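Colleague: This is the structure I have questions about; it appears just below.
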Amino acid sequence: MAERKTEIEFDTHSYVIYMRDKYDAYRNWLKQENLPAYNGEFIQDVREIELGDWPRRKARGAYLEFRDQQVSEAYVLEIPPGGSTEPQRQMFEEIVVIAEGQGATTLWWDDNSPKHTFEWTRGSLFAIPLNCNYEHFNTSGTEPARFMALTDAPVTWELFRDQEFVFNSNFQFRDRFDPDISDFYSKPGKYLTEYYGGILDTAFIADLREVKLVPRSKRGAGTMNMYIHLAGSTMFAHISEFPVGTYKKAHRHGPGAHIYTLDSTGYTLMWKDGEEPQRFDWSEGSVISPSAGYWHQHYNTGTKPAKFVALHASIAFGGGSEKNVEQIDFRYEDAFLRDMYVEECRKNGVEVKMEKIDKSHHD
Ligand SMILES: [Fe+2]
């Protein structure tokens with residue numbers, strides 16, 4: 001059969017470009033926010049990056065404008081000691097992971113419904129229920145509190161293009177947050193472990209490091225996992241842990257995922273089909289966001305199990321659904337990947353334990 005070549009059918013029409021410029025609501029919004037922006041796909045430590053004044057929220061912050069993500073965007077926010085953020089409601093979803101400090105968040109629908117408050121610290125995770133009023137407090141008088149959050153704001157802005165709608169609508173999504181359930185934020189979550197990789201259905205996680213995990217051995221023997229569904233959000237998260245001296249299979253999927261490292265040190269290789277891998281070295285506080293369709297592979301070179309939480313775009317976009325995730329079994333990987341790993345572990349005095357995994361062939 002003749003070799004098949006593909007071609008681009010047409011250039012973008014000038015009218016489409018004109019309309020895009022005129023109505024690029026999300027980019028215009030970012031300009032208005034006037035905050036530092038971090039590009040690419042990786043930052044070393046969200047606890048260390050420079051932030052700018054964010055008067056709209058009475059805080060400091062930065063956007064992580066990682067390339068090609070489109071369906072989600074992360075930001076970092078810091079509340080000064082003893083401070084609190086300006087109350088806000090928003091017609092987009094948000095998941096928050098606390099990087100450092102301690103504080104509390106209050107949520108409410110309106111003046112006639114009960115307010116709910118929960119306390120958080122490093123490693124806490126929660127969602128802001130869609131369009132619910134909320135306010136964050138730093139309960140320390142001496143230390144700042146800082147978090148990273150992932151939102152689907154780019155989608156909302158592109159669909160509705162109206163600031164008044166995004167921040168000043170009064171519809172209440174009571175199926176996501178019922179204020180009459182007095183222990184909505186304090187009751188224990190429900191583990192659904194009959195599903196592959198497990199699901200934890202909850203409103204608030206006090207400490208991600210304490211969440212019960214179940215095997216996800218098809219990504220590599222010893223890999224542990226838990227998917228997290230939060231307060232009726234269509235965005236979700238998952239926790240992954242893999243042992244000392246091991247790495248996981250390379251995989252790829254759709255856009256939107258942002259991975260926040262909780263424990264250990266290591267590196268992630270990321271590449272487009274046919275290109276050389278790029279390497280990103282991580283430790284606690286690192287964030288990496290694989291571009292849609294890029295292979296990525298996580299390697300633990302530290303002395304404790306590697307643990308991260310991945311925040312995901314809405315399930316509506318299907319980026320992580322079973323039809324859109326592919327992986328490469330260890331037996332088909334390029335030999336230099338294993339050599340690089342062995343060398344990195346040797347430098348750290350870590351014993352490589354991949355042989356047991358090679359023999360398990362879970363695919
Ligand atoms: Fe991934």
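Residues in the structure tokens are numbered from 1 in each chain, the chains being A, B, ... in the order shown, and ligands are numbered from 1 in the order shown.
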Would you kindly return, as a PyMOL selection string, each protein, DNA or RNA residue with an atom no farther than 12 Å from any atom of Trp157 (chain A), considering only C-alpha atoms and excluding same-chain residues fewer than 4 positions away?
Modeller: chain A and resi 23-30+70-73+90-92+151-153+161-167
Colleague: Give the residues close to ligand 1, within 7 Å, counting only C-alpha atoms and all ligand atoms; write them as a count of residues only.
Modeller: 6
Colleague: Just the alpha helix (DSSP H) stuff from region 17-231 of chain A, please, per backbone DSSP, written as a list in words.
Modeller: Ile17, Tyr18, Met19, Arg20, Asp21, Lys22, Ala25, Tyr26, Arg27, Asn28, Trp29, Leu30, Lys31, Gln32, Glu33, Ala153, Pro154, Val155, Thr156, Trp157, Glu158, Leu159, Phe160, Gln163, Glu164, Phe165, Val166 and Phe167 of chain A
Colleague: Run DSSP on the backbone and tell me which residues of region 62-264 of chain A come out as strand (DSSP E); list them as a ChimeraX atom specification.
Modeller: /A:62-64,73-79,94-100,102-108,116-121,125-128,133-138,145-151,190-192,199-202,204-205,214-215,224-230,236-242,250-252,258-263
Colleague: Can you write just those residues out, C-alpha atoms, as an mmCIF file, in the first residue's frame?
Modeller:
data_model
loop_
_atom_site.group_PDB
_atom_site.id
_atom_site.type_symbol
_atom_site.label_atom_id
_atom_site.label_comp_id
_atom_site.auth_asym_id
_atom_site.auth_seq_id
_atom_site.Cartn_x
_atom_site.Cartn_y
_atom_site.Cartn_z
ATOM 1 C CA ALA A 62 -0.077 33.866 40.009
ATOM 2 C CA TYR A 63 -1.608 31.972 37.100
ATOM 3 C CA LEU A 64 -0.051 28.779 35.717
ATOM 4 C CA GLU A 73 -6.124 26.304 34.292
ATOM 5 C CA ALA A 74 -4.308 26.404 37.608
ATOM 6 C CA TYR A 75 -3.482 29.321 39.850
ATOM 7 C CA VAL A 76 -1.597 29.806 43.104
ATOM 8 C CA LEU A 77 -2.944 32.013 45.896
ATOM 9 C CA GLU A 78 -1.365 33.147 49.154
ATOM 10 C CA ILE A 79 -3.279 34.645 52.080
ATOM 11 C CA GLU A 94 -12.512 24.608 41.308
ATOM 12 C CA ILE A 95 -10.453 22.068 43.266
ATOM 13 C CA VAL A 96 -8.005 23.341 45.891
ATOM 14 C CA VAL A 97 -4.901 21.601 47.286
ATOM 15 C CA ILE A 98 -3.213 23.260 50.273
ATOM 16 C CA ALA A 99 0.550 23.593 49.797
ATOM 17 C CA GLU A 100 1.445 25.185 53.133
ATOM 18 C CA GLN A 102 -3.263 26.573 57.958
ATOM 19 C CA GLY A 103 -6.626 28.149 57.587
ATOM 20 C CA ALA A 104 -10.338 27.724 57.114
ATOM 21 C CA THR A 105 -12.939 28.147 54.400
ATOM 22 C CA THR A 106 -16.551 29.250 54.852
ATOM 23 C CA LEU A 107 -19.190 28.405 52.233
ATOM 24 C CA TRP A 108 -22.798 29.592 51.922
ATOM 25 C CA HIS A 116 -20.416 25.874 56.707
ATOM 26 C CA THR A 117 -16.797 26.218 57.824
ATOM 27 C CA PHE A 118 -14.003 23.667 57.746
ATOM 28 C CA GLU A 119 -10.337 23.931 58.705
ATOM 29 C CA TRP A 120 -7.465 22.939 56.439
ATOM 30 C CA THR A 121 -3.716 22.520 56.515
ATOM 31 C CA LEU A 125 -8.062 18.954 49.385
ATOM 32 C CA PHE A 126 -11.544 20.246 48.642
ATOM 33 C CA ALA A 127 -13.761 21.582 45.862
ATOM 34 C CA ILE A 128 -15.600 24.891 45.768
ATOM 35 C CA ASN A 133 -20.190 31.920 47.962
ATOM 36 C CA TYR A 134 -16.896 31.284 49.724
ATOM 37 C CA GLU A 135 -14.201 32.977 51.750
ATOM 38 C CA HIS A 136 -10.784 31.637 52.799
ATOM 39 C CA PHE A 137 -9.084 32.563 56.093
ATOM 40 C CA ASN A 138 -5.495 32.234 57.186
ATOM 41 C CA ALA A 145 -0.995 30.137 53.764
ATOM 42 C CA ARG A 146 -0.651 29.096 50.140
ATOM 43 C CA PHE A 147 -2.632 26.807 47.844
ATOM 44 C CA MET A 148 -2.786 25.693 44.234
ATOM 45 C CA ALA A 149 -6.191 25.378 42.592
ATOM 46 C CA LEU A 150 -7.366 24.002 39.267
ATOM 47 C CA THR A 151 -10.470 25.505 37.641
ATOM 48 C CA LYS A 190 -17.484 6.940 51.256
ATOM 49 C CA TYR A 191 -14.951 4.517 49.735
ATOM 50 C CA LEU A 192 -16.166 2.584 46.671
ATOM 51 C CA ILE A 199 -13.333 5.937 44.307
ATOM 52 C CA LEU A 200 -13.591 8.128 47.388
ATOM 53 C CA ASP A 201 -16.779 10.204 47.358
ATOM 54 C CA THR A 202 -16.379 13.102 49.778
ATOM 55 C CA PHE A 204 -13.322 17.451 52.083
ATOM 56 C CA ILE A 205 -10.037 15.597 52.659
ATOM 57 C CA VAL A 214 -6.076 0.350 46.465
ATOM 58 C CA PRO A 215 -3.935 -1.419 43.832
ATOM 59 C CA MET A 224 -1.634 2.284 44.453
ATOM 60 C CA ASN A 225 -4.493 4.629 43.636
ATOM 61 C CA MET A 226 -7.696 6.368 44.684
ATOM 62 C CA TYR A 227 -9.993 8.503 42.517
ATOM 63 C CA ILE A 228 -11.659 11.362 44.388
ATOM 64 C CA HIS A 229 -15.091 12.741 43.588
ATOM 65 C CA LEU A 230 -15.772 16.002 45.394
ATOM 66 C CA PHE A 236 -12.124 15.246 39.934
ATOM 67 C CA ALA A 237 -8.762 14.175 41.343
ATOM 68 C CA HIS A 238 -6.770 11.035 41.937
ATOM 69 C CA ILE A 239 -3.987 10.060 44.308
ATOM 70 C CA SER A 240 -1.188 7.811 43.078
ATOM 71 C CA GLU A 241 1.581 6.129 45.027
ATOM 72 C CA PHE A 242 4.358 3.883 43.715
ATOM 73 C CA ALA A 250 4.357 5.610 30.131
ATOM 74 C CA HIS A 251 0.868 6.741 29.184
ATOM 75 C CA ARG A 252 -0.980 9.525 27.403
ATOM 76 C CA HIS A 258 -2.208 18.994 36.674
ATOM 77 C CA ILE A 259 -0.085 16.795 38.944
ATOM 78 C CA TYR A 260 0.985 18.079 42.373
ATOM 79 C CA THR A 261 3.805 16.137 44.094
ATOM 80 C CA LEU A 262 3.242 15.212 47.742
ATOM 81 C CA ASP A 263 6.156 12.916 48.637
#
Colleague: Asp339 (chain A): which residues within 12 Å, counting only C-alpha atoms, same-chain residues fewer than 6 positions away excluded, as an NGL selection string?
Modeller: :A and (333 or 345-346 or 352 or 354)
Colleague: So which one's closest to Val46 (chain A), A:Leu159, A:Ala306, A:Val287, A:Ala316? Using only C-alpha atoms, please.
Modeller: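 Distance minimum relative to Val46 (chain A) lands on A:Val287.
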Colleague: Got a sec: who's within 12 Å of Val244 (chain A), counting only C-alpha atoms, leaving out chain neighbours fewer than 3 positions off, as a PDB file with N, CA and C atoms, in the first residue's frame?
Modeller:
ATOM      1  N   GLY A 222       2.558  -2.725  42.175  1.00  0.00           N
ATOM      2  CA  GLY A 222       2.924  -1.892  43.323  1.00  0.00           C
ATOM      3  C   GLY A 222       2.304  -0.511  43.279  1.00  0.00           C
ATOM      4  N   THR A 223       1.759  -0.096  42.137  1.00  0.00           N
ATOM      5  CA  THR A 223       1.103   1.207  42.041  1.00  0.00           C
ATOM      6  C   THR A 223      -0.219   1.172  42.798  1.00  0.00           C
ATOM      7  N   GLU A 241       0.368   6.403  44.255  1.00  0.00           N
ATOM      8  CA  GLU A 241       1.581   6.129  45.027  1.00  0.00           C
ATOM      9  C   GLU A 241       2.294   4.957  44.372  1.00  0.00           C
ATOM     10  N   TYR A 247       9.265   2.671  38.714  1.00  0.00           N
ATOM     11  CA  TYR A 247       8.585   3.700  37.934  1.00  0.00           C
ATOM     12  C   TYR A 247       7.350   3.093  37.284  1.00  0.00           C
ATOM     13  N   LYS A 248       6.486   3.972  36.789  1.00  0.00           N
ATOM     14  CA  LYS A 248       5.217   3.510  36.221  1.00  0.00           C
ATOM     15  C   LYS A 248       5.311   3.437  34.695  1.00  0.00           C
ATOM     16  N   ASP A 263       5.036  13.559  47.945  1.00  0.00           N
ATOM     17  CA  ASP A 263       6.156  12.916  48.637  1.00  0.00           C
ATOM     18  C   ASP A 263       7.171  12.324  47.678  1.00  0.00           C
ATOM     19  N   SER A 264       8.410  12.231  48.163  1.00  0.00           N
ATOM     20  CA  SER A 264       9.566  11.640  47.491  1.00  0.00           C
ATOM     21  C   SER A 264      10.125  12.596  46.421  1.00  0.00           C
ATOM     22  N   THR A 265      11.161  12.114  45.750  1.00  0.00           N
ATOM     23  CA  THR A 265      11.768  12.872  44.660  1.00  0.00           C
ATOM     24  C   THR A 265      11.851  11.956  43.448  1.00  0.00           C
ATOM     25  N   GLY A 266      11.944  12.553  42.283  1.00  0.00           N
ATOM     26  CA  GLY A 266      12.027  11.741  41.073  1.00  0.00           C
ATOM     27  C   GLY A 266      11.974  12.627  39.851  1.00  0.00           C
ATOM     28  N   TYR A 299       9.013   8.557  37.384  1.00  0.00           N
ATOM     29  CA  TYR A 299      10.076   7.717  37.952  1.00  0.00           C
ATOM     30  C   TYR A 299      10.359   8.143  39.386  1.00  0.00           C
ATOM     31  N   ASN A 300      10.318   7.204  40.337  1.00  0.00           N
ATOM     32  CA  ASN A 300      10.645   7.495  41.739  1.00  0.00           C
ATOM     33  C   ASN A 300      12.124   7.203  41.972  1.00  0.00           C
ATOM     34  N   THR A 301      12.916   8.223  42.283  1.00  0.00           N
ATOM     35  CA  THR A 301      14.337   7.993  42.578  1.00  0.00           C
ATOM     36  C   THR A 301      14.638   8.291  44.040  1.00  0.00           C
ATOM     37  N   GLY A 302      13.596   8.537  44.832  1.00  0.00           N
ATOM     38  CA  GLY A 302      13.780   8.908  46.239  1.00  0.00           C
ATOM     39  C   GLY A 302      13.771   7.700  47.157  1.00  0.00           C
ATOM     40  N   THR A 303      13.870   7.992  48.441  1.00  0.00           N
ATOM     41  CA  THR A 303      13.974   6.917  49.435  1.00  0.00           C
ATOM     42  C   THR A 303      12.640   6.615  50.100  1.00  0.00           C
ATOM     43  N   LYS A 304      11.559   7.255  49.638  1.00  0.00           N
ATOM     44  CA  LYS A 304      10.242   6.832  50.130  1.00  0.00           C
ATOM     45  C   LYS A 304       9.260   6.712  48.959  1.00  0.00           C
ATOM     46  N   PRO A 305       8.132   6.024  49.197  1.00  0.00           N
ATOM     47  CA  PRO A 305       7.170   5.878  48.104  1.00  0.00           C
ATOM     48  C   PRO A 305       6.810   7.239  47.516  1.00  0.00           C
ATOM     49  N   ALA A 306       6.740   7.308  46.201  1.00  0.00           N
ATOM     50  CA  ALA A 306       6.363   8.568  45.537  1.00  0.00           C
ATOM     51  C   ALA A 306       4.855   8.706  45.618  1.00  0.00           C
ATOM     52  N   LYS A 307       4.420   9.913  45.971  1.00  0.00           N
ATOM     53  CA  LYS A 307       2.975  10.133  46.058  1.00  0.00           C
ATOM     54  C   LYS A 307       2.639  11.467  45.422  1.00  0.00           C
ATOM     55  N   CYS A 345      19.088   6.138  40.218  1.00  0.00           N
ATOM     56  CA  CYS A 345      18.913   5.480  41.520  1.00  0.00           C
ATOM     57  C   CYS A 345      20.266   5.217  42.176  1.00  0.00           C
ATOM     58  N   ASN A 348      21.531   8.053  44.098  1.00  0.00           N
ATOM     59  CA  ASN A 348      20.840   8.279  45.377  1.00  0.00           C
ATOM     60  C   ASN A 348      20.990   7.102  46.342  1.00  0.00           C
ATOM     61  N   GLY A 349      21.729   6.058  45.915  1.00  0.00           N
ATOM     62  CA  GLY A 349      21.867   4.878  46.763  1.00  0.00           C
ATOM     63  C   GLY A 349      20.562   4.098  46.892  1.00  0.00           C
ATOM     64  N   VAL A 350      19.725   4.174  45.871  1.00  0.00           N
ATOM     65  CA  VAL A 350      18.420   3.489  45.907  1.00  0.00           C
ATOM     66  C   VAL A 350      18.498   2.203  45.074  1.00  0.00           C
ATOM     67  N   GLU A 351      17.995   1.118  45.654  1.00  0.00           N
ATOM     68  CA  GLU A 351      18.012  -0.168  44.944  1.00  0.00           C
ATOM     69  C   GLU A 351      16.854  -0.232  43.937  1.00  0.00           C
ATOM     70  N   VAL A 352      17.154  -0.575  42.696  1.00  0.00           N
ATOM     71  CA  VAL A 352      16.113  -0.666  41.659  1.00  0.00           C
ATOM     72  C   VAL A 352      15.344  -1.974  41.831  1.00  0.00           C
ATOM     73  N   LYS A 353      14.007  -1.871  41.812  1.00  0.00           N
ATOM     74  CA  LYS A 353      13.190  -3.074  42.043  1.00  0.00           C
ATOM     75  C   LYS A 353      12.261  -3.349  40.864  1.00  0.00           C
ATOM     76  N   MET A 354      12.741  -3.056  39.664  1.00  0.00           N
ATOM     77  CA  MET A 354      11.873  -3.218  38.489  1.00  0.00           C
ATOM     78  C   MET A 354      11.749  -4.663  38.014  1.00  0.00           C
TER      79      MET A 354
END
Colleague: Which is closer to Asp178 (chain A) than all the others in A:Ile315, A:Cys132, A:Val211, A:Met340, using only C-alpha atoms?
Modeller: A:Cys132
Colleague: In Å, with one decimal, what is the gap from CA of Phe160 (chain A) to CA of Leu35 (chain A)?
Modeller: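 Separation between CA of Phe160 (chain A) and CA of Leu35 (chain A): 22.6 Å.
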Colleague: Measure the distance from CA of Ser286 (chain A) to CA of Thr268 (chain A) in Å and round it to one decimal.
Modeller: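 Straight-line distance from CA of Ser286 (chain A) to CA of Thr268 (chain A) works out to 11.0 Å.
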Colleague: Ranking A:His298, A:Gly220, A:Val309, A:Gly256 by minimum distance to Arg331 (chain A) and counting only C-alpha atoms, which one comes first?
Modeller: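 The answer is A:Gly220, which sits nearest to Arg331 (chain A).
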Colleague: Just checking: using only C-alpha atoms, which residue out of A:Pro81, A:Asp207, A:Gln44, A:Ser217 ends up closest to Arg60 (chain A)?
Modeller: A:Pro81
Colleague: Ranking A:Gly285, A:Gly274, A:Pro129, A:Pro255 by minimum distance to Thr234 (chain A) and counting only C-alpha atoms, which one comes first?
Modeller: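 Under the stated criterion, the closest residue is A:Pro129.
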Colleague: For Arg216 (chain A), which of A:Thr193, A:Ser233, A:Thr139, A:Thr12 is the closest residue, counting only C-alpha atoms?
Modeller: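 Counting only C-alpha atoms, the residue closest to Arg216 (chain A) is A:Thr193.
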Colleague: Which neighbours of Phe280 (chain A) fall inside 8 Å, counting only C-alpha atoms, when residues of the same chain fewer than 3 positions from it are skipped, and could you give them as a list in words?
Modeller: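 Selected residues are Phe42, Tyr267, Thr268 and Leu269 of chain A.
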Colleague: Grab the CA of Glu343 (chain A) to CA of Pro243 (chain A) distance for me, in Å with one decimal place.
Modeller: 17.4 Å
